[in-house]
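Asks: You'll find entry.tsv just under this line, and it carries TSV, C-alpha atoms and all ligand atoms.
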```
chain	number	residue	atom	x	y	z
P	1	MET	CA	0.00	0.00	0.00
P	2	ALA	CA	1.31	3.45	-0.86
P	3	LEU	CA	2.33	5.71	2.04
P	4	HIS	CA	-0.32	8.22	1.02
P	5	ASP	CA	-3.03	5.59	1.55
P	6	ASP	CA	-2.32	5.54	5.31
P	7	ARG	CA	-5.15	7.54	6.84
P	8	LYS	CA	-6.66	7.79	10.27
P	9	GLU	CA	-9.09	9.91	12.20
P	10	TYR	CA	-7.87	11.52	15.42
P	11	VAL	CA	-10.58	11.09	18.02
P	12	LYS	CA	-8.99	10.46	21.41
P	13	GLY	CA	-9.25	13.85	23.08
P	14	SER	CA	-9.81	17.57	22.86
P	15	LEU	CA	-8.55	20.88	24.24
P	16	ASP	CA	-11.35	23.26	25.06
P	17	ASP	CA	-10.81	26.97	25.50
P	18	ARG	CA	-10.66	26.74	29.29
P	19	TRP	CA	-7.19	25.44	28.60
P	20	MET	CA	-6.13	28.96	27.73
P	21	ASN	CA	-6.11	29.82	31.44
P	22	ALA	CA	-4.01	26.84	32.34
P	23	ASP	CA	-0.42	26.86	33.52
P	24	PRO	CA	1.51	25.26	30.66
P	25	PHE	CA	3.94	23.56	33.04
P	26	VAL	CA	1.11	21.93	34.95
P	27	GLN	CA	-0.36	20.81	31.63
P	28	PHE	CA	2.98	19.48	30.46
P	29	GLN	CA	3.39	17.48	33.64
P	30	ALA	CA	-0.17	16.16	33.45
P	31	TRP	CA	0.24	15.02	29.84
P	32	MET	CA	3.62	13.46	30.60
P	33	ASP	CA	2.15	11.57	33.57
P	34	GLU	CA	-0.72	10.36	31.42
P	35	PHE	CA	1.60	9.15	28.66
P	36	ARG	CA	3.93	7.37	31.09
P	37	ALA	CA	0.90	5.66	32.65
P	38	THR	CA	0.15	4.05	29.27
P	39	GLY	CA	3.34	2.02	29.72
P	40	ALA	CA	4.83	3.38	26.50
P	41	GLU	CA	8.51	2.59	26.02
P	42	ASP	CA	10.93	5.51	26.19
P	43	ALA	CA	8.01	7.71	27.17
P	44	THR	CA	10.35	10.58	28.04
P	45	ALA	CA	12.11	10.58	24.65
P	46	PHE	CA	11.98	13.72	22.56
P	47	ALA	CA	13.53	15.07	19.39
P	48	LEU	CA	16.07	17.74	20.31
P	49	SER	CA	16.72	20.21	17.51
P	50	THR	CA	19.73	22.48	17.47
P	51	VAL	CA	21.35	24.83	14.98
P	52	ALA	CA	25.01	24.51	14.04
P	53	ALA	CA	27.41	27.43	13.76
P	54	ASN	CA	26.91	27.43	9.97
P	55	GLY	CA	23.11	27.61	10.36
P	56	ASP	CA	22.36	23.97	9.54
P	57	PRO	CA	19.60	22.43	11.67
P	58	ASP	CA	20.07	19.02	13.29
P	59	ALA	CA	17.89	16.76	15.42
P	60	ARG	CA	18.34	13.63	17.51
P	61	THR	CA	16.48	11.78	20.25
P	62	VAL	CA	17.36	12.36	23.90
P	63	LEU	CA	15.60	11.52	27.17
P	64	LEU	CA	13.94	14.04	29.43
P	65	LYS	CA	15.28	13.42	32.92
P	66	GLU	CA	13.56	16.14	34.86
P	67	PHE	CA	11.03	18.90	34.41
P	68	ARG	CA	11.38	21.65	36.96
P	69	GLU	CA	10.19	25.23	37.10
P	70	GLY	CA	9.78	25.35	33.36
P	71	ASP	CA	13.18	23.86	32.60
P	72	LEU	CA	13.47	20.64	30.59
P	73	ILE	CA	16.59	18.80	31.77
P	74	PHE	CA	18.49	16.30	29.65
P	75	TYR	CA	22.02	14.91	29.83
P	76	SER	CA	24.66	14.54	27.19
P	77	ASN	CA	28.27	14.97	26.20
P	78	TYR	CA	29.20	18.66	26.15
P	79	ALA	CA	31.78	18.02	23.41
P	80	SER	CA	29.31	16.18	21.13
P	81	LYS	CA	27.88	17.60	17.93
P	82	LYS	CA	24.82	18.85	19.82
P	83	GLY	CA	27.15	20.32	22.48
P	84	LYS	CA	29.01	22.28	19.81
P	85	ASP	CA	25.74	23.42	18.23
P	86	LEU	CA	24.54	24.63	21.63
P	87	GLU	CA	27.77	26.53	22.18
P	88	ALA	CA	27.24	28.33	18.87
P	89	HIS	CA	23.50	28.85	19.40
P	90	PRO	CA	22.32	28.24	22.98
P	91	ARG	CA	18.74	27.65	21.89
P	92	ALA	CA	16.89	24.42	21.24
P	93	HIS	CA	13.58	22.95	20.27
P	94	ALA	CA	12.10	19.87	21.93
P	95	LEU	CA	9.46	17.81	20.13
P	96	PHE	CA	7.41	15.13	21.87
P	97	PHE	CA	5.11	12.94	19.75
P	98	TRP	CA	2.79	10.56	21.54
P	99	PRO	CA	0.83	8.68	18.88
P	100	SER	CA	-1.17	6.49	21.26
P	101	LEU	CA	-2.71	9.65	22.75
P	102	GLU	CA	-2.70	11.55	19.44
P	103	ARG	CA	-0.69	14.31	21.05
P	104	GLN	CA	2.30	16.44	20.24
P	105	ILE	CA	4.13	18.99	22.39
P	106	ARG	CA	6.60	21.50	21.00
P	107	VAL	CA	8.89	23.50	23.26
P	108	LEU	CA	11.26	26.31	22.24
P	109	GLY	CA	13.71	27.87	24.62
P	110	SER	CA	17.16	29.04	25.54
P	111	VAL	CA	19.65	26.45	26.81
P	112	HIS	CA	22.15	26.54	29.65
P	113	LYS	CA	24.27	23.95	31.41
P	114	ILE	CA	23.03	22.93	34.84
P	115	SER	CA	25.49	23.18	37.74
P	116	ALA	CA	28.46	20.79	38.00
P	117	GLU	CA	27.09	19.58	41.35
P	118	GLU	CA	23.72	18.69	39.86
P	119	SER	CA	25.38	16.91	36.93
P	120	SER	CA	27.64	14.92	39.27
P	121	ALA	CA	24.73	13.93	41.50
P	122	TYR	CA	22.83	12.57	38.50
P	123	PHE	CA	25.93	10.92	37.01
P	124	THR	CA	26.63	8.92	40.16
P	125	SER	CA	22.97	7.84	40.37
P	126	ARG	CA	23.27	6.04	37.00
P	127	PRO	CA	24.21	2.35	36.73
P	128	LEU	CA	27.98	1.83	36.63
P	129	GLY	CA	27.75	0.49	33.07
P	130	SER	CA	26.23	3.76	31.89
P	131	GLN	CA	28.92	5.71	33.73
P	132	TRP	CA	31.67	3.72	31.97
P	133	GLY	CA	29.88	4.24	28.66
P	134	ALA	CA	29.66	8.00	29.14
P	135	ALA	CA	33.31	8.22	30.11
P	136	ALA	CA	34.52	5.97	27.29
P	137	SER	CA	32.68	7.68	24.44
P	138	GLN	CA	33.92	10.80	22.72
P	139	GLN	CA	30.40	11.22	21.46
P	140	SER	CA	30.01	12.17	17.78
P	141	GLN	CA	33.72	11.65	16.99
P	142	PRO	CA	34.65	9.05	14.36
P	143	ILE	CA	36.31	5.80	15.48
P	144	ALA	CA	37.98	3.11	13.37
P	145	SER	CA	35.88	0.12	14.43
P	146	ARG	CA	33.52	-1.42	16.97
P	147	GLU	CA	36.53	-3.26	18.43
P	148	ALA	CA	38.35	0.02	19.02
P	149	MET	CA	35.26	1.39	20.83
P	150	GLU	CA	35.03	-1.71	23.02
P	151	ALA	CA	38.75	-1.47	23.84
P	152	GLN	CA	38.25	2.15	24.90
P	153	TRP	CA	35.34	1.07	27.11
P	154	LYS	CA	37.39	-1.79	28.63
P	155	ALA	CA	40.26	0.57	29.42
P	156	ILE	CA	37.91	2.86	31.36
P	157	GLN	CA	36.40	-0.13	33.15
P	158	ASP	CA	39.88	-1.39	34.19
P	159	GLN	CA	40.87	2.06	35.35
P	160	HIS	CA	37.69	2.58	37.41
P	161	PRO	CA	36.35	-0.86	38.37
P	162	ASP	CA	34.11	0.31	41.23
P	163	SER	CA	33.23	3.95	40.82
P	164	ILE	CA	34.11	6.69	38.44
P	165	PRO	CA	34.08	10.47	38.77
P	166	ARG	CA	31.89	12.38	36.34
P	167	PRO	CA	33.92	13.32	33.27
P	168	GLU	CA	33.96	17.08	32.82
P	169	HIS	CA	32.67	16.71	29.30
P	170	TRP	CA	29.44	15.07	30.45
P	171	GLY	CA	26.52	16.80	32.15
P	172	GLY	CA	23.08	18.26	32.05
P	173	TYR	CA	21.45	20.94	29.96
P	174	ALA	CA	18.31	22.88	30.79
P	175	ILE	CA	15.98	24.19	28.12
P	176	ARG	CA	14.16	27.18	29.59
P	177	ALA	CA	10.77	27.11	27.91
P	178	GLU	CA	9.68	30.30	26.15
P	179	ARG	CA	7.00	28.83	23.91
P	180	ILE	CA	5.02	25.63	24.42
P	181	GLU	CA	2.44	24.28	22.02
P	182	PHE	CA	0.05	21.47	22.89
P	183	TRP	CA	-1.53	19.62	19.95
P	184	GLN	CA	-4.39	17.21	20.25
P	185	GLY	CA	-5.57	15.37	17.15
P	186	ARG	CA	-9.24	15.82	16.26
P	187	ALA	CA	-11.58	14.45	13.63
P	188	SER	CA	-11.46	15.74	10.03
P	189	ARG	CA	-8.06	17.36	10.65
P	190	LEU	CA	-9.66	20.09	12.83
P	191	HIS	CA	-6.97	19.50	15.41
P	192	ASP	CA	-6.70	21.53	18.62
P	193	ARG	CA	-3.57	23.62	19.06
P	194	ILE	CA	-2.97	25.85	22.04
P	195	GLN	CA	0.27	27.80	22.12
P	196	PHE	CA	1.65	29.46	25.25
P	197	THR	CA	4.23	32.22	24.94
P	198	ARG	CA	6.18	33.50	27.91
P	199	GLN	CA	5.75	37.23	28.48
P	200	PRO	CA	8.48	39.48	29.93
P	201	ASP	CA	6.72	39.53	33.33
P	202	GLN	CA	6.79	35.72	33.53
P	203	ILE	CA	3.10	35.52	32.72
P	204	TRP	CA	2.06	33.22	29.89
P	205	ALA	CA	-0.10	34.32	26.99
P	206	ALA	CA	-2.19	31.56	25.39
P	207	GLN	CA	-3.50	31.45	21.88
P	208	ARG	CA	-5.45	28.95	19.83
P	209	LEU	CA	-3.83	28.26	16.47
P	210	GLN	CA	-5.47	26.93	13.33
P	211	PRO	CA	-4.67	23.32	12.62
P	301	LIG	C1	15.63	6.51	22.64
P	301	LIG	C2	16.95	7.26	22.59
P	301	LIG	C3	17.36	7.96	23.70
P	301	LIG	C4	18.56	8.67	23.68
P	301	LIG	N1	18.89	9.42	24.79
P	301	LIG	C5	20.02	10.19	24.74
P	301	LIG	C6	20.33	11.07	25.82
P	301	LIG	O1	19.57	11.21	26.80
P	301	LIG	N2	21.48	11.79	25.74
P	301	LIG	C7	22.31	11.70	24.65
P	301	LIG	O2	23.35	12.37	24.64
P	301	LIG	N3	22.04	10.90	23.61
P	301	LIG	C8	20.90	10.14	23.62
P	301	LIG	N4	20.59	9.34	22.56
P	301	LIG	C9	21.51	9.31	21.40
P	301	LIG	C10	21.28	10.55	20.52
P	301	LIG	O3	20.09	10.38	19.75
P	301	LIG	C11	22.47	10.84	19.58
P	301	LIG	O4	22.78	9.70	18.81
P	301	LIG	C12	23.72	11.24	20.36
P	301	LIG	O5	23.41	12.07	21.46
P	301	LIG	C13	24.70	11.97	19.45
P	301	LIG	O6	24.08	13.12	18.92
P	301	LIG	P1	24.93	14.34	18.32
P	301	LIG	O7	26.04	13.73	17.49
P	301	LIG	O8	23.96	15.13	17.51
P	301	LIG	O9	25.49	15.12	19.48
P	301	LIG	C14	19.38	8.65	22.54
P	301	LIG	C15	18.96	7.94	21.40
P	301	LIG	C16	17.75	7.27	21.42
P	301	LIG	C17	17.30	6.57	20.16
```
Reformat the file's structure so that it appears as structure tokens.
Ligand SMILES: Cc1cc2nc3c(=O)[nH]c(=O)nc-3n(C[C@H](O)[C@H](O)[C@H](O)COP(=O)(O)O)c2cc1C

Replies:
Amino acid sequence: MALHDDRKEYVKGSLDDRWMNADPFVQFQAWMDEFRATGAEDATAFALSTVAANGDPDARTVLLKEFREGDLIFYSNYASKKGKDLEAHPRAHALFFWPSLERQIRVLGSVHKISAEESSAYFTSRPLGSQWGAAASQQSQPIASREAMEAQWKAIQDQHPDSIPRPEHWGGYAIRAERIEFWQGRASRLHDRIQFTRQPDQIWAAQRLQP
């Protein structure tokens, strides 16, 4: 069957205009809780878009590890491709797509590194295998072979068999939300879209957008 023959109706929910008075962070948390409760795998995954120094966009999946006071926290390698993009342009876009609920959330914001203490606390809470992996990988750099990567990993494991300090190149980023759009699929493509934009006085303005 041709791709263009895939069709569905979106009928699982709605956003009425009372939503416009809602706190977008409370809504975000409520939707996230609902999606996690479905038992979906990698429920916290989102597409993180960045812009490179030369203006090229890029996107990859990362995991949301915390949502606090309007900041979306994720962890990565500061020297990775995304790390370099964020140095050049400390802004990012986060896209969550939850097909089983027919929902999408889009978040735009500025990005900053969280404190070294916070990054270390999270790093040490991860399983030792993940710690070795983070320390062994020069994320986004080329390597000659799988064997070479495994040898690098083994060397780190031998060096730090029991515990390992957080490498300086690894830590958390916070996306400070400035614009959040909630999308709920509706019948006949008349989808609901409510977009919140942060105002200078920290108040949020809400607007319904055409689908
Ligand atoms: C489900 C899933 C979750 C991932 N979570 C993370 C993550 O939390 N942090 C991270 O650095 N990379 C994560 N990755 C790997 C990234 O998608 C990407 O390959 C890596 O960060 C390198 O990206 P870059 O070269 O653009 O910096 C994840 C990949 C998948 C498929």

Asks: Provide an axis-aligned box for all listed atoms of ligand LIG 301 (chain P), padding each side by 6 Å; report its centre and its edge lengths in Å to one decimal, as JSON.

Replies:
```
{"center_x": 20.8, "center_y": 10.8, "center_z": 22.1, "size_x": 22.4, "size_y": 20.6, "size_z": 21.3}
```

Asks: Compute the set of protein, DNA and RNA residues whose minimum atom distance to ligand LIG 301 (chain P) is at most 9 Å, using all atoms listed in the file, and state it as a PyMOL selection string.

Replies: chain P and resi 41-50+58-65+74-85+134+139-141+170

Asks: Determine, counting all atoms listed in the file, which protein, DNA and RNA residues have an atom within 12 Å of an atom of segment 150-158 of chain P; residues of the same chain fewer than 4 positions away are not included. Present the result as a count of residues only.

Replies: 20

Asks: Nearest to Arg103 of chain P: which of P:Ala52, P:Ile175, P:Ile194, P:Leu86 is it, counting all atoms listed in the file?

Replies: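 Smallest distance to Arg103 of chain P is found for P:Ile194.
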
Asks: Determine, counting only C-alpha atoms, every residue of protein, DNA or RNA that lies within 12 Å of (5.3, 16.4, 28.7) in the file coordinates, then give the result as an MDAnalysis selection string.

Replies: chainID P and resid 24:36 43:46 63:68 70:73 94:98 103:107 180:183

Asks: Which is closer to Leu209 of chain P than all the others in P:Met1, P:Met20, P:Val111, P:Ala37, using all atoms listed in the file?

Replies: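 Between P:Met1, P:Met20, P:Val111, P:Ala37, the residue approaching Leu209 of chain P most closely is P:Met20.
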
Asks: Quick one: of P:Arg179, P:Asp16, P:Arg166, P:Phe196, who's nearest to Glu117 of chain P, counting only C-alpha atoms?

Replies: P:Arg166

Asks: Report, in Å to a single decimal, how far apart atom CA of Ala116 of chain P and atom CA of Glu168 of chain P are.

Replies: 8.4 Å

Asks: Find the distance between atom CA of Leu101 of chain P and atom CA of Lys12 of chain P and write it in Å to one decimal.

Replies: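 That distance, rounded to one decimal, is 6.5 Å.
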
Asks: In Å, with one decimal, what is the gap from atom CA of Leu15 of chain P to atom CA of Leu3 of chain P?

Replies: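 The value is 29.0 Å.
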
Asks: Counting all atoms listed in the file, what is within 10 Å of Pro211 of chain P, bar same-chain residues fewer than 2 positions away, as a compact mmCIF listing (two decimals) with C-alpha atoms, in the coordinates of the input?

Replies:
```txt
# COMPACT_ATOMS: atom_id res chain seq x y z
CA TRP P 183 -1.53 19.62 19.95
CA GLN P 184 -4.39 17.21 20.25
CA GLY P 185 -5.57 15.37 17.15
CA ARG P 186 -9.24 15.82 16.26
CA ARG P 189 -8.06 17.36 10.65
CA LEU P 190 -9.66 20.09 12.83
CA HIS P 191 -6.97 19.50 15.41
CA ASP P 192 -6.70 21.53 18.62
CA ARG P 193 -3.57 23.62 19.06
CA ILE P 194 -2.97 25.85 22.04
CA ARG P 208 -5.45 28.95 19.83
CA LEU P 209 -3.83 28.26 16.47
```

Asks: Calculated over all atoms listed in the file, which of the candidates P:Glu147, P:Asp5, P:Asp17, P:Glu69 has the smallest distance to Ala177 of chain P?

Replies: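 Distance minimum relative to Ala177 of chain P lands on P:Glu69.
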
Asks: Considering all atoms listed in the file, state which residue in the set P:Pro161, P:Gly172, P:Gly39, P:Gln199 is at the smallest distance from Ser100 of chain P.

Replies: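 Of all the options, P:Gly39 lies closest to Ser100 of chain P.
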
Asks: Between P:Asn54, P:Ser188, P:Thr124, P:Gln207, which has the minimum distance to Arg18 of chain P (counting only C-alpha atoms)?

Replies: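 Under the stated criterion, the closest residue is P:Gln207.
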
Asks: Any chance you could turn segment 90-202 of chain P into a file with C-alpha atoms, as a CSV table (one decimal), in the first residue's frame?

Replies:
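Everything below was put into result.csv:
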```
chain,number,residue,atom,x,y,z
P,90,PRO,CA,22.3,28.2,23.0
P,91,ARG,CA,18.7,27.6,21.9
P,92,ALA,CA,16.9,24.4,21.2
P,93,HIS,CA,13.6,22.9,20.3
P,94,ALA,CA,12.1,19.9,21.9
P,95,LEU,CA,9.5,17.8,20.1
P,96,PHE,CA,7.4,15.1,21.9
P,97,PHE,CA,5.1,12.9,19.7
P,98,TRP,CA,2.8,10.6,21.5
P,99,PRO,CA,0.8,8.7,18.9
P,100,SER,CA,-1.2,6.5,21.3
P,101,LEU,CA,-2.7,9.6,22.7
P,102,GLU,CA,-2.7,11.5,19.4
P,103,ARG,CA,-0.7,14.3,21.1
P,104,GLN,CA,2.3,16.4,20.2
P,105,ILE,CA,4.1,19.0,22.4
P,106,ARG,CA,6.6,21.5,21.0
P,107,VAL,CA,8.9,23.5,23.3
P,108,LEU,CA,11.3,26.3,22.2
P,109,GLY,CA,13.7,27.9,24.6
P,110,SER,CA,17.2,29.0,25.5
P,111,VAL,CA,19.6,26.4,26.8
P,112,HIS,CA,22.2,26.5,29.6
P,113,LYS,CA,24.3,23.9,31.4
P,114,ILE,CA,23.0,22.9,34.8
P,115,SER,CA,25.5,23.2,37.7
P,116,ALA,CA,28.5,20.8,38.0
P,117,GLU,CA,27.1,19.6,41.4
P,118,GLU,CA,23.7,18.7,39.9
P,119,SER,CA,25.4,16.9,36.9
P,120,SER,CA,27.6,14.9,39.3
P,121,ALA,CA,24.7,13.9,41.5
P,122,TYR,CA,22.8,12.6,38.5
P,123,PHE,CA,25.9,10.9,37.0
P,124,THR,CA,26.6,8.9,40.2
P,125,SER,CA,23.0,7.8,40.4
P,126,ARG,CA,23.3,6.0,37.0
P,127,PRO,CA,24.2,2.3,36.7
P,128,LEU,CA,28.0,1.8,36.6
P,129,GLY,CA,27.8,0.5,33.1
P,130,SER,CA,26.2,3.8,31.9
P,131,GLN,CA,28.9,5.7,33.7
P,132,TRP,CA,31.7,3.7,32.0
P,133,GLY,CA,29.9,4.2,28.7
P,134,ALA,CA,29.7,8.0,29.1
P,135,ALA,CA,33.3,8.2,30.1
P,136,ALA,CA,34.5,6.0,27.3
P,137,SER,CA,32.7,7.7,24.4
P,138,GLN,CA,33.9,10.8,22.7
P,139,GLN,CA,30.4,11.2,21.5
P,140,SER,CA,30.0,12.2,17.8
P,141,GLN,CA,33.7,11.6,17.0
P,142,PRO,CA,34.7,9.1,14.4
P,143,ILE,CA,36.3,5.8,15.5
P,144,ALA,CA,38.0,3.1,13.4
P,145,SER,CA,35.9,0.1,14.4
P,146,ARG,CA,33.5,-1.4,17.0
P,147,GLU,CA,36.5,-3.3,18.4
P,148,ALA,CA,38.3,0.0,19.0
P,149,MET,CA,35.3,1.4,20.8
P,150,GLU,CA,35.0,-1.7,23.0
P,151,ALA,CA,38.7,-1.5,23.8
P,152,GLN,CA,38.2,2.1,24.9
P,153,TRP,CA,35.3,1.1,27.1
P,154,LYS,CA,37.4,-1.8,28.6
P,155,ALA,CA,40.3,0.6,29.4
P,156,ILE,CA,37.9,2.9,31.4
P,157,GLN,CA,36.4,-0.1,33.2
P,158,ASP,CA,39.9,-1.4,34.2
P,159,GLN,CA,40.9,2.1,35.3
P,160,HIS,CA,37.7,2.6,37.4
P,161,PRO,CA,36.4,-0.9,38.4
P,162,ASP,CA,34.1,0.3,41.2
P,163,SER,CA,33.2,4.0,40.8
P,164,ILE,CA,34.1,6.7,38.4
P,165,PRO,CA,34.1,10.5,38.8
P,166,ARG,CA,31.9,12.4,36.3
P,167,PRO,CA,33.9,13.3,33.3
P,168,GLU,CA,34.0,17.1,32.8
P,169,HIS,CA,32.7,16.7,29.3
P,170,TRP,CA,29.4,15.1,30.5
P,171,GLY,CA,26.5,16.8,32.2
P,172,GLY,CA,23.1,18.3,32.0
P,173,TYR,CA,21.5,20.9,30.0
P,174,ALA,CA,18.3,22.9,30.8
P,175,ILE,CA,16.0,24.2,28.1
P,176,ARG,CA,14.2,27.2,29.6
P,177,ALA,CA,10.8,27.1,27.9
P,178,GLU,CA,9.7,30.3,26.1
P,179,ARG,CA,7.0,28.8,23.9
P,180,ILE,CA,5.0,25.6,24.4
P,181,GLU,CA,2.4,24.3,22.0
P,182,PHE,CA,0.0,21.5,22.9
P,183,TRP,CA,-1.5,19.6,20.0
P,184,GLN,CA,-4.4,17.2,20.3
P,185,GLY,CA,-5.6,15.4,17.1
P,186,ARG,CA,-9.2,15.8,16.3
P,187,ALA,CA,-11.6,14.4,13.6
P,188,SER,CA,-11.5,15.7,10.0
P,189,ARG,CA,-8.1,17.4,10.7
P,190,LEU,CA,-9.7,20.1,12.8
P,191,HIS,CA,-7.0,19.5,15.4
P,192,ASP,CA,-6.7,21.5,18.6
P,193,ARG,CA,-3.6,23.6,19.1
P,194,ILE,CA,-3.0,25.9,22.0
P,195,GLN,CA,0.3,27.8,22.1
P,196,PHE,CA,1.6,29.5,25.2
P,197,THR,CA,4.2,32.2,24.9
P,198,ARG,CA,6.2,33.5,27.9
P,199,GLN,CA,5.8,37.2,28.5
P,200,PRO,CA,8.5,39.5,29.9
P,201,ASP,CA,6.7,39.5,33.3
P,202,GLN,CA,6.8,35.7,33.5
```
